[in-house]
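**Q** Input entry-v3.txt, format and content: compact mmCIF, C-alpha atoms.
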```txt
# COMPACT_ATOMS: atom_id res chain seq x y z
CA MET J 1 19.42 7.52 -14.05
CA THR J 2 22.62 7.15 -12.07
CA VAL J 3 22.59 10.80 -11.08
CA LYS J 4 18.95 10.47 -9.98
CA ASN J 5 19.72 7.49 -7.77
CA ALA J 6 22.71 9.24 -6.26
CA THR J 7 20.51 12.22 -5.42
CA SER J 8 18.00 9.92 -3.77
CA HIS J 9 20.66 8.32 -1.57
CA SER J 10 22.01 11.75 -0.63
CA GLU J 11 18.53 12.90 0.38
CA ASN J 12 18.07 9.75 2.46
CA ASP J 13 21.37 10.37 4.24
CA ALA J 14 20.38 13.97 4.95
CA GLY J 15 17.00 12.79 6.19
CA SER J 16 18.57 10.30 8.54
CA ARG J 17 20.86 12.96 9.99
CA LYS J 18 17.85 15.23 10.63
CA VAL J 19 15.97 12.44 12.38
CA LEU J 20 19.00 11.52 14.47
CA ARG J 21 19.57 15.15 15.46
CA ARG J 22 15.98 15.42 16.66
CA GLN J 23 16.16 12.28 18.73
CA ARG J 24 17.21 12.27 22.37
CA LYS J 25 16.46 8.56 22.67
CA ALA J 26 16.64 5.45 20.52
CA PRO J 27 14.80 5.66 17.18
CA THR J 28 11.32 4.15 17.04
CA ILE J 29 9.48 2.11 14.43
CA SER J 30 7.61 5.30 13.46
CA ASP J 31 10.94 7.03 12.80
CA VAL J 32 11.96 4.22 10.48
CA ALA J 33 8.58 4.32 8.75
CA GLN J 34 8.84 8.08 8.21
CA HIS J 35 12.40 7.80 6.94
CA ALA J 36 11.50 5.01 4.50
CA GLY J 37 8.20 6.57 3.44
CA VAL J 38 6.10 3.55 4.46
CA SER J 39 3.69 2.64 7.27
CA PRO J 40 4.83 1.30 10.67
CA MET J 41 3.04 -1.94 9.83
CA THR J 42 5.24 -2.38 6.75
CA VAL J 43 8.36 -1.90 8.88
CA SER J 44 7.02 -4.53 11.28
CA ARG J 45 6.49 -6.95 8.41
CA VAL J 46 10.04 -6.46 7.21
CA ILE J 47 11.34 -7.05 10.73
CA ASN J 48 9.23 -10.20 10.99
CA ASP J 49 10.38 -11.34 7.53
CA CYS J 50 6.85 -11.49 6.08
CA THR J 51 6.81 -12.72 2.49
CA THR J 52 4.10 -10.25 1.39
CA VAL J 53 6.46 -7.25 1.34
CA ARG J 54 7.66 -6.23 -2.11
CA PRO J 55 11.45 -6.61 -2.57
CA SER J 56 11.89 -2.92 -3.42
CA THR J 57 9.99 -1.91 -0.27
CA ARG J 58 11.95 -4.36 1.87
CA GLU J 59 15.22 -2.94 0.58
CA LYS J 60 14.07 0.63 1.31
CA VAL J 61 13.08 -0.26 4.89
CA GLU J 62 16.32 -2.16 5.53
CA ARG J 63 18.33 0.86 4.35
CA SER J 64 16.40 3.09 6.76
CA ILE J 65 16.92 0.64 9.65
CA GLU J 66 20.64 0.70 8.96
CA ALA J 67 20.79 4.48 8.49
CA LEU J 68 19.01 5.14 11.79
CA ASN J 69 20.79 2.34 13.64
CA TYR J 70 17.38 1.05 14.69
CA ALA J 71 17.13 -1.91 17.07
CA PRO J 72 13.71 -3.62 16.77
CA SER J 73 11.82 -3.85 20.05
CA SER J 74 9.57 -6.70 21.10
CA ALA J 75 6.59 -4.44 20.47
CA ALA J 76 7.74 -3.83 16.91
CA ARG J 77 8.19 -7.54 16.33
CA SER J 78 4.68 -8.31 17.57
CA LEU J 79 2.85 -5.45 15.82
CA ALA J 80 1.71 -7.58 12.89
CA GLY J 81 -0.01 -10.04 15.21
CA GLY J 82 -0.72 -7.86 18.24
CA GLU J 83 -3.83 -6.00 19.29
CA HIS J 84 -2.87 -2.34 19.07
CA VAL J 85 -3.41 -0.72 15.67
CA ARG J 86 -4.11 2.89 14.71
CA ILE J 87 -6.57 3.40 11.87
CA GLY J 88 -7.05 6.77 10.24
CA LEU J 89 -10.42 7.90 8.90
CA LEU J 90 -9.64 10.46 6.22
CA TYR J 91 -12.66 12.64 5.54
CA SER J 92 -13.84 15.50 3.36
CA ASN J 93 -17.62 15.28 3.07
CA PRO J 94 -20.19 18.06 2.52
CA SER J 95 -22.94 16.08 4.29
CA SER J 96 -22.52 16.29 8.06
CA THR J 97 -25.31 13.74 8.60
CA TYR J 98 -23.58 11.16 6.40
CA LEU J 99 -20.23 11.77 8.05
CA SER J 100 -21.72 11.52 11.55
CA GLU J 101 -23.23 8.12 10.75
CA PHE J 102 -19.96 6.96 9.29
CA ILE J 103 -17.92 8.06 12.29
CA VAL J 104 -20.30 6.35 14.72
CA GLY J 105 -20.04 3.06 12.83
CA SER J 106 -16.27 3.31 12.68
CA LEU J 107 -16.02 4.03 16.40
CA GLU J 108 -18.29 1.12 17.30
CA GLN J 109 -16.20 -1.36 15.32
CA ALA J 110 -12.92 0.15 16.52
CA GLY J 111 -14.04 -0.56 20.08
CA ARG J 112 -14.89 -4.16 19.23
CA SER J 113 -11.57 -4.60 17.43
CA SER J 114 -9.41 -3.00 20.15
CA ALA J 115 -8.19 -0.45 17.60
CA ASP J 116 -7.61 3.29 17.84
CA LEU J 117 -9.56 5.49 15.41
CA VAL J 118 -7.86 8.71 14.36
CA LEU J 119 -9.88 11.32 12.44
CA GLU J 120 -7.88 13.13 9.77
CA GLN J 121 -9.40 15.93 7.68
CA PHE J 122 -8.22 16.42 4.12
CA HIS J 123 -8.07 20.12 3.33
CA GLU J 124 -8.66 21.52 -0.13
CA GLY J 125 -5.39 22.56 -1.72
CA TRP J 126 -3.31 19.93 0.06
CA SER J 127 -1.04 17.88 -2.13
CA THR J 128 -1.14 14.10 -1.74
CA GLU J 129 2.55 14.26 -0.78
CA ARG J 130 1.81 16.58 2.14
CA LEU J 131 -1.07 14.37 3.26
CA ILE J 132 0.96 11.14 3.09
CA GLY J 133 3.71 12.77 5.14
CA GLN J 134 1.21 13.77 7.83
CA LEU J 135 -0.32 10.29 7.94
CA GLN J 136 3.08 8.66 8.27
CA ARG J 137 4.14 11.03 11.04
CA GLY J 138 0.95 10.05 12.87
CA GLY J 139 2.06 6.43 12.93
CA LEU J 140 -1.14 5.20 11.29
CA ASN J 141 -1.27 1.54 10.29
CA GLY J 142 -4.10 1.85 7.78
CA ILE J 143 -6.63 4.25 6.26
CA ILE J 144 -10.40 4.18 5.68
CA LEU J 145 -11.59 6.43 2.84
CA PRO J 146 -15.28 7.46 2.79
CA PRO J 147 -16.62 9.51 -0.15
CA PRO J 148 -15.68 11.77 -1.83
CA LEU J 149 -12.02 10.81 -1.27
CA SER J 150 -12.79 7.17 -2.07
CA ASP J 151 -13.46 8.32 -5.64
CA SER J 152 -10.04 9.93 -6.07
CA PRO J 153 -7.60 7.82 -8.13
CA ALA J 154 -4.75 10.11 -7.07
CA MET J 155 -5.55 9.59 -3.38
CA VAL J 156 -5.92 5.80 -3.58
CA ASP J 157 -2.78 5.42 -5.68
CA ALA J 158 -0.74 7.68 -3.39
CA LEU J 159 -1.70 5.63 -0.33
CA HIS J 160 -0.84 2.43 -2.21
CA LYS J 161 2.56 3.73 -3.29
CA ALA J 162 3.26 4.75 0.32
CA ASP J 163 2.42 1.16 1.32
CA ILE J 164 -0.46 2.26 3.59
CA PRO J 165 -3.25 -0.38 3.62
CA THR J 166 -6.52 1.24 2.51
CA VAL J 167 -10.22 0.38 2.44
CA SER J 168 -12.33 2.54 0.13
CA VAL J 169 -16.02 3.02 1.03
CA ALA J 170 -18.89 3.91 -1.33
CA GLY J 171 -16.50 4.88 -4.11
CA GLY J 172 -16.33 3.82 -7.71
CA TYR J 173 -12.62 3.87 -8.41
CA ALA J 174 -11.85 0.33 -9.51
CA SER J 175 -8.29 -0.28 -8.43
CA SER J 176 -6.03 -3.09 -7.32
CA ALA J 177 -4.70 -0.66 -4.72
CA ALA J 178 -7.57 -0.86 -2.24
CA VAL J 179 -10.44 -2.95 -0.96
CA ALA J 180 -13.86 -1.44 -1.69
CA VAL J 181 -17.02 -1.56 0.46
CA GLY J 182 -20.36 -0.26 -0.79
CA ILE J 183 -23.82 -1.00 -2.19
CA ASP J 184 -25.26 -1.34 -5.70
CA ASP J 185 -26.17 2.33 -6.26
CA PHE J 186 -27.52 1.60 -9.74
CA GLN J 187 -30.06 -0.97 -8.60
CA ALA J 188 -31.02 1.05 -5.52
CA ALA J 189 -31.86 4.14 -7.60
CA ALA J 190 -33.68 2.00 -10.17
CA ASP J 191 -35.79 0.47 -7.38
CA MET J 192 -36.75 3.88 -6.02
CA THR J 193 -37.72 5.11 -9.50
CA ARG J 194 -39.79 1.96 -10.09
CA HIS J 195 -41.54 2.62 -6.78
CA LEU J 196 -42.48 6.14 -7.88
CA ILE J 197 -43.73 4.85 -11.21
CA SER J 198 -45.80 2.20 -9.41
CA LEU J 199 -47.53 5.01 -7.48
CA GLY J 200 -48.61 6.52 -10.78
CA HIS J 201 -45.91 9.17 -11.30
CA ALA J 202 -44.74 9.67 -14.89
CA ARG J 203 -43.17 13.12 -14.62
CA ILE J 204 -40.38 12.50 -12.13
CA GLY J 205 -37.69 15.06 -11.39
CA PHE J 206 -34.17 14.01 -10.44
CA ILE J 207 -31.46 15.90 -8.53
CA LYS J 208 -28.00 14.59 -9.33
CA GLY J 209 -25.17 14.31 -6.82
CA ASN J 210 -21.61 15.56 -7.15
CA PRO J 211 -20.57 14.97 -10.79
CA ASN J 212 -17.09 13.90 -9.69
CA LEU J 213 -18.40 10.91 -7.75
CA HIS J 214 -19.10 7.50 -9.23
CA ALA J 215 -22.13 6.94 -6.99
CA SER J 216 -23.79 10.04 -8.47
CA GLU J 217 -23.53 8.69 -11.98
CA ARG J 218 -24.69 5.21 -11.01
CA ARG J 219 -27.77 6.60 -9.25
CA TYR J 220 -28.64 8.70 -12.28
CA GLU J 221 -28.15 5.68 -14.56
CA GLY J 222 -30.49 3.63 -12.35
CA TYR J 223 -33.14 6.36 -12.59
CA VAL J 224 -32.84 6.42 -16.40
CA GLN J 225 -32.95 2.62 -16.59
CA ALA J 226 -36.19 2.39 -14.61
CA LEU J 227 -37.80 5.14 -16.70
CA GLY J 228 -36.90 3.24 -19.86
CA GLU J 229 -38.39 0.03 -18.51
CA ALA J 230 -41.70 1.88 -18.11
CA GLY J 231 -41.53 3.38 -21.58
CA LEU J 232 -40.64 6.83 -20.23
CA ALA J 233 -37.81 8.96 -21.55
CA PRO J 234 -35.73 11.19 -19.25
CA VAL J 235 -36.77 14.83 -19.66
CA PRO J 236 -33.70 17.12 -19.50
CA GLU J 237 -35.60 20.00 -17.88
CA LEU J 238 -36.60 17.70 -14.98
CA ILE J 239 -32.98 16.88 -14.17
CA ALA J 240 -30.96 19.34 -12.06
CA GLN J 241 -27.39 19.25 -10.86
CA GLY J 242 -26.70 19.08 -7.14
CA PHE J 243 -23.55 18.42 -5.11
CA PHE J 244 -24.90 16.38 -2.17
CA SER J 245 -25.16 19.52 -0.02
CA TYR J 246 -28.36 21.04 1.38
CA ARG J 247 -27.59 24.35 -0.32
CA SER J 248 -27.24 22.71 -3.73
CA GLY J 249 -30.53 20.91 -3.12
CA LEU J 250 -32.31 24.23 -2.55
CA ASP J 251 -31.01 25.61 -5.85
CA ALA J 252 -31.84 22.44 -7.78
CA ALA J 253 -35.37 22.21 -6.36
CA GLU J 254 -36.05 25.86 -7.18
CA THR J 255 -34.96 25.24 -10.78
CA ILE J 256 -37.19 22.19 -11.21
CA LEU J 257 -40.25 23.68 -9.47
CA ASP J 258 -39.95 26.89 -11.51
CA LEU J 259 -40.99 24.95 -14.62
CA ASP J 260 -44.34 25.75 -16.20
CA GLU J 261 -45.13 22.06 -15.85
CA PRO J 262 -43.30 20.89 -12.72
CA PRO J 263 -43.01 17.19 -11.84
CA THR J 264 -45.34 15.34 -9.51
CA ALA J 265 -42.34 13.70 -7.81
CA ILE J 266 -38.68 14.56 -7.21
CA PHE J 267 -36.05 11.94 -6.43
CA ALA J 268 -32.93 13.50 -4.89
CA SER J 269 -29.60 11.67 -4.83
CA ASN J 270 -29.21 12.07 -1.06
CA ASP J 271 -31.28 13.00 1.99
CA ASP J 272 -29.73 16.46 2.37
CA MET J 273 -30.94 17.50 -1.07
CA ALA J 274 -34.30 15.79 -0.54
CA ALA J 275 -34.79 17.71 2.72
CA ALA J 276 -33.96 20.92 0.88
CA THR J 277 -36.57 20.04 -1.75
CA VAL J 278 -39.20 19.58 0.97
CA ALA J 279 -38.28 23.01 2.36
CA VAL J 280 -38.67 24.65 -1.06
CA ALA J 281 -42.03 22.93 -1.56
CA HIS J 282 -43.29 24.17 1.81
CA ARG J 283 -42.16 27.71 1.05
CA ARG J 284 -44.17 27.60 -2.17
CA GLY J 285 -47.29 26.39 -0.37
CA LEU J 286 -47.10 22.88 -1.81
CA ASP J 287 -48.19 19.93 0.28
CA VAL J 288 -45.75 17.03 0.54
CA PRO J 289 -46.76 14.44 -0.55
CA GLY J 290 -50.22 15.69 -1.67
CA ASP J 291 -48.88 18.08 -4.31
CA LEU J 292 -45.33 16.78 -4.58
CA THR J 293 -43.74 13.47 -3.67
CA VAL J 294 -40.12 13.78 -2.48
CA CYS J 295 -37.70 10.89 -2.00
CA GLY J 296 -34.07 10.73 -0.95
CA PHE J 297 -31.12 8.39 -0.63
CA ASP J 298 -28.97 7.26 2.36
CA ASP J 299 -31.49 7.19 5.24
CA THR J 300 -29.42 9.44 7.45
CA LEU J 301 -30.76 10.91 10.69
CA LEU J 302 -32.07 13.88 8.69
CA ALA J 303 -34.61 11.62 6.95
CA THR J 304 -36.57 11.21 10.20
CA THR J 305 -36.03 14.66 11.71
CA ILE J 306 -37.93 16.65 9.08
CA TRP J 307 -41.66 16.72 8.33
CA PRO J 308 -42.87 14.73 6.58
CA GLU J 309 -40.33 11.99 7.19
CA LEU J 310 -38.56 10.95 4.00
CA THR J 311 -39.12 7.91 1.89
CA THR J 312 -35.55 6.99 1.02
CA ILE J 313 -33.03 4.31 0.14
CA ARG J 314 -31.37 3.00 3.27
CA GLN J 315 -27.68 2.87 2.54
CA PRO J 316 -26.18 1.03 5.53
CA ILE J 317 -23.66 3.77 6.30
CA ARG J 318 -22.81 2.51 9.79
CA ASP J 319 -22.56 -1.07 8.54
CA MET J 320 -20.25 0.00 5.71
CA ALA J 321 -18.05 1.83 8.20
CA ARG J 322 -18.04 -1.19 10.51
CA ALA J 323 -17.18 -3.51 7.63
CA ALA J 324 -14.33 -1.25 6.50
CA MET J 325 -12.87 -1.10 10.01
CA ASP J 326 -13.20 -4.85 10.48
CA LEU J 327 -11.60 -5.61 7.11
CA ILE J 328 -8.59 -3.39 7.58
CA VAL J 329 -7.90 -4.44 11.19
CA ARG J 330 -8.11 -8.13 10.32
CA HIS J 331 -5.90 -7.52 7.31
CA LEU J 332 -3.26 -5.84 9.45
CA ARG J 333 -3.30 -8.56 12.08
CA GLU J 334 -3.69 -11.62 9.90
CA ASP J 335 -2.12 -10.37 6.68
CA SER J 336 -4.49 -12.56 4.71
CA VAL J 337 -8.05 -11.26 4.84
CA THR J 338 -8.37 -8.35 2.42
CA GLU J 339 -7.03 -8.94 -1.05
CA THR J 340 -6.54 -5.60 -2.78
CA GLY J 341 -9.01 -5.09 -5.60
CA LYS J 342 -11.74 -6.97 -3.70
CA GLN J 343 -15.24 -5.47 -3.59
CA VAL J 344 -17.67 -6.08 -0.73
CA LEU J 345 -21.33 -5.23 -1.47
CA LEU J 346 -23.81 -4.76 1.38
CA ASP J 347 -27.60 -4.87 1.15
CA TYR J 348 -29.74 -1.74 0.82
CA ALA J 349 -33.47 -1.23 1.47
CA LEU J 350 -36.21 1.05 0.23
CA ILE J 351 -37.77 2.67 3.32
CA ARG J 352 -41.22 4.10 2.75
CA ARG J 353 -42.35 6.88 5.09
CA GLN J 354 -44.69 9.89 4.70
CA SER J 355 -43.16 11.89 1.83
CA ASP J 356 -44.54 9.82 -1.07
CA ALA J 357 -48.05 9.27 -2.43
CA ALA J 358 -49.92 8.84 -5.69
CA PRO J 359 -50.05 12.05 -7.74
CA ARG J 360 -53.05 14.23 -6.96
CA ARG J 361 -55.37 14.95 -9.85
CA ARG J 362 -55.50 18.74 -9.82
CA PRO J 363 -54.60 21.66 -12.09
CA PRO J 364 -50.85 21.99 -12.49
CA TYR J 365 -48.98 24.38 -10.23
CA ARG J 366 -48.23 27.75 -11.77
CA LYS J 367 -45.57 30.21 -10.71
CA GLY J 368 -47.05 33.00 -8.65
CA ALA J 369 -50.23 31.10 -7.86
CA VAL J 370 -51.51 31.12 -4.29
```
Starting from the file, give its structure as C-alpha cells.
**A**
Amino acid sequence: MTVKNATSHSENDAGSRKVLRRQRKAPTISDVAQHAGVSPMTVSRVINDCTTVRPSTREKVERSIEALNYAPSSAARSLAGGEHVRIGLLYSNPSSTYLSEFIVGSLEQAGRSSADLVLEQFHEGWSTERLIGQLQRGGLNGIILPPPLSDSPAMVDALHKADIPTVSVAGGYASSAAVAVGIDDFQAAADMTRHLISLGHARIGFIKGNPNLHASERRYEGYVQALGEAGLAPVPELIAQGFFSYRSGLDAAETILDLDEPPTAIFASNDDMAAATVAVAHRRGLDVPGDLTVCGFDDTLLATTIWPELTTIRQPIRDMARAAMDLIVRHLREDSVTETGKQVLLDYALIRRQSDAAPRRRPPYRKGAV
C-alpha cells in the first residue's frame, strides 16, 4: 500500500511538471481540474470552500493547486454561482431521428439557461479512462447521457468517480451516481398493447429493442403484461429481436411476416423499426393498416414523414432533454437541486394516426401469394 501511494505521488509530480512545461502563462482552473482528475466545477467548489465536496476529493484538488502554484481568479471563485457553464452531451445512438430530437431539446434549454452545449461522440473501443480524460480536457462542468450510454454502469460510475455531475436520460441503471430522467416504458408499452387488443387484434407481433438497454426489456414486459390481462399468451414465433435501427427492423419484420400464420398487428419498440416494418409490408403488397396494423414508440419526426403516419407512443424526447439540461445547470449553480439517485418521470401519450385499424376478416396471407 505504501509503495502504491508513493507511486501515485510520483506520477502526480511528473504530471505537474508536464503541465508547467506546456504553460507559457499562469495555470488555469482547467489545468488544475485535469491534474486532479476532477471537473472544473469541483475545483471551484474547493476554492469556495463548499461543504458538499468529499474530503478525499478536496485533498486531491488542494494538492494539485499547490503543485501547479495556481492562484484562483475571480472567475474561478464565482463559477459555482455564475452564469457560464459548459455541458457535454455524450452520444452514441443508432437512431438519428431520436438523437436529432434530443439535441434540439438540449439546445433550446441551453439557450434559456445561458449554458454552452458541447456535443461529444463516444466511439466504440474507447476506454472510459480515455473518455474521461477527453471530457476533463474540454473543461466540461457536467454531462448529459442519452441512451444507450445512460444504460452503462461502467460509464455512469466512471463519471461519478471523476466527480463530473451527470444526468442520465431514458436509462435503467439505478445508481446513486446520477440523476435519471425518463418515462414509464412498461406502462407505455402495456397501453399500446391494450389499444391493439381493443381494436380486436389477438395475434400481435412484437419487435424488441437493443437487448442491452433497460427500456427494451421494460417495453417487452409491458407488452407481455397487457397480453396476460386479456388472457393471451406471448407467442415466441411472433417476437423478433431488433436493435432500434431501421436495418434491424427490416430483418425482424421479414422474419415475422414470413410465418405461415403472420400476425394482424406488429408493435415495434421504436419508430425506426416500425417504419421498416411498414416498408416490408408495402413490398409484400400488404395494405397498412387494412392487412397489417403497425405501431411504434417515441413519436420522432419519422412517425409523420412516412405513409401511413404511425400510431405510436409519444416519448417526450425534447422535454426529457430540456429537463436534463435544466436539472444539471441548476445543480451546478445552486448546488442543491439534483440529489444523485433521484428519478424524474415525465408523461407519455398514445398518439393514434393512420397505421392502425381493426383486423380485416380475410384469408390469411401466404408466402408467395399475389
**Q** Report, in Å to a single decimal, how far apart atom CA of J:Leu301 and atom CA of J:Ile317 are.
**A**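 We find that atom CA of J:Ile317 and atom CA of J:Leu301 lie 11.0 Å from each other.
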**Q** Taking (-42.0, 12.1, -15.5) as a centre in this file's frame and 6 Å as the limit, can you find every polymer residue with an atom that close, using all atoms listed in the file, and give them as a PyMOL selection string?
**A** chain J and resi 202-204
**Q** Point out the residue among J:Ser168, J:Asn141, J:Ser100, J:Gln136 with the least atom-to-atom distance to J:Met41, counting all atoms listed in the file.
**A**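 Result for the nearest residue to J:Met41: J:Asn141.
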**Q** So that I can see what lies close to J:Thr300, please list as a list of chain:residue names the residues with an atom at most 10 Å from it, counting all atoms listed in the file and leaving out residues fewer than 5 positions away in the same chain.
**A**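 Once the nearby chain positions are removed, what remains is J:Ser95, J:Ser96, J:Thr97, J:Tyr98, J:Leu99, J:Ser100, J:Glu101, J:Phe102, J:Asn270, J:Asp271, J:Asp272, J:Thr305, J:Leu310, J:Thr312, J:Ile313, J:Arg314, J:Gln315, J:Pro316, J:Ile317, J:Arg318.
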**Q** Kindly give the distance, in Å, that separates atom CA of J:Arg333 and atom CA of J:Arg137, rounded to a single decimal.
**A**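 Spanning atom CA of J:Arg333 to atom CA of J:Arg137 is a straight-line distance of 21.0 Å.
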**Q** In Å, how far is it from atom CA of J:Tyr246 to atom CA of J:Ala276?
**A**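 Those two atoms sit 5.6 Å apart.
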**Q** Taking all atoms of stretch 247-260 of chain J that appear in the file, build a box with edges along x, y and z, extend it by 3 Å on every side, and state its centre and edge lengths in Å to one decimal, as AutoDock Vina command-line options.
**A**
```
--center_x -35.8 --center_y 23.9 --center_z -8.3 --size_x 23.1 --size_y 12.0 --size_z 21.9
```
**Q** When you count all atoms listed in the file, which of these residues is closest to J:Ser113: J:Ile87, J:Leu135, J:Gly296, J:Cys50?
**A**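 The shortest atom-to-atom distance to J:Ser113 comes from J:Ile87.
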**Q** Point out the residue among J:Asp191, J:Glu129, J:Glu237, J:Asp258 with the least atom-to-atom distance to J:Ala162, counting only C-alpha atoms.
**A**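 Smallest distance to J:Ala162 is found for J:Glu129.
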**Q** Looking at J:Asp116, J:Asp291, J:Asp260, J:Asp298, which one is nearest to J:Ile183, with distances taken over all atoms listed in the file?
**A**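 Nearest candidate to J:Ile183 out of J:Asp116, J:Asp291, J:Asp260, J:Asp298: J:Asp298.
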**Q** Taking all atoms listed in the file into account, name the residue in J:Met155, J:Leu302, J:Ala67, J:Ala279 that is nearest to J:Glu254.
**A**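 Of J:Met155, J:Leu302, J:Ala67, J:Ala279, the one nearest J:Glu254 is J:Ala279, counting all atoms listed in the file.
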**Q** Can you work out which one of J:Arg330, J:His35, J:Arg284, J:His214 has the shortest atom-to-atom distance to J:Ile65, counting only C-alpha atoms?
**A**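 Looking at the shortest contact to J:Ile65, the residue is J:His35.
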**Q** Could you give me, as a ChimeraX atom specification, the residues that have an atom at most 12 Å away from the point (-10.4, 7.1, -6.9) in the coordinates of the file, using only C-alpha atoms?
**A** /J:145-160,166-180,212-215
**Q** Saving stretch 223-234 of chain J with N, CA and C atoms, as a tab-separated table (two decimals), in the first residue's frame, what would that file be?
**A**
```tsv
chain	number	residue	atom	x	y	z
J	223	TYR	N	-45.71	-5.26	-22.89
J	223	TYR	CA	-46.43	-5.99	-23.94
J	223	TYR	C	-46.96	-7.31	-23.39
J	224	VAL	N	-46.09	-8.06	-22.70
J	224	VAL	CA	-46.48	-9.35	-22.13
J	224	VAL	C	-47.56	-9.17	-21.07
J	225	GLN	N	-47.42	-8.15	-20.24
J	225	GLN	CA	-48.40	-7.88	-19.18
J	225	GLN	C	-49.79	-7.65	-19.77
J	226	ALA	N	-49.86	-6.80	-20.79
J	226	ALA	CA	-51.17	-6.50	-21.40
J	226	ALA	C	-51.78	-7.73	-22.07
J	227	LEU	N	-50.95	-8.55	-22.70
J	227	LEU	CA	-51.46	-9.80	-23.29
J	227	LEU	C	-52.08	-10.67	-22.21
J	228	GLY	N	-51.36	-10.79	-21.09
J	228	GLY	CA	-51.84	-11.63	-20.00
J	228	GLY	C	-53.15	-11.14	-19.43
J	229	GLU	N	-53.30	-9.82	-19.33
J	229	GLU	CA	-54.56	-9.26	-18.84
J	229	GLU	C	-55.74	-9.66	-19.71
J	230	ALA	N	-55.49	-9.85	-21.00
J	230	ALA	CA	-56.54	-10.21	-21.96
J	230	ALA	C	-56.68	-11.72	-22.14
J	231	GLY	N	-55.92	-12.47	-21.34
J	231	GLY	CA	-55.98	-13.91	-21.45
J	231	GLY	C	-55.20	-14.46	-22.63
J	232	LEU	N	-54.27	-13.66	-23.15
J	232	LEU	CA	-53.45	-14.09	-24.29
J	232	LEU	C	-52.04	-14.39	-23.82
J	233	ALA	N	-51.46	-15.42	-24.35
J	233	ALA	CA	-50.08	-15.77	-24.02
J	233	ALA	C	-49.15	-15.28	-25.12
J	234	PRO	N	-47.94	-14.79	-24.76
J	234	PRO	CA	-47.00	-14.38	-25.81
J	234	PRO	C	-46.59	-15.59	-26.65
```
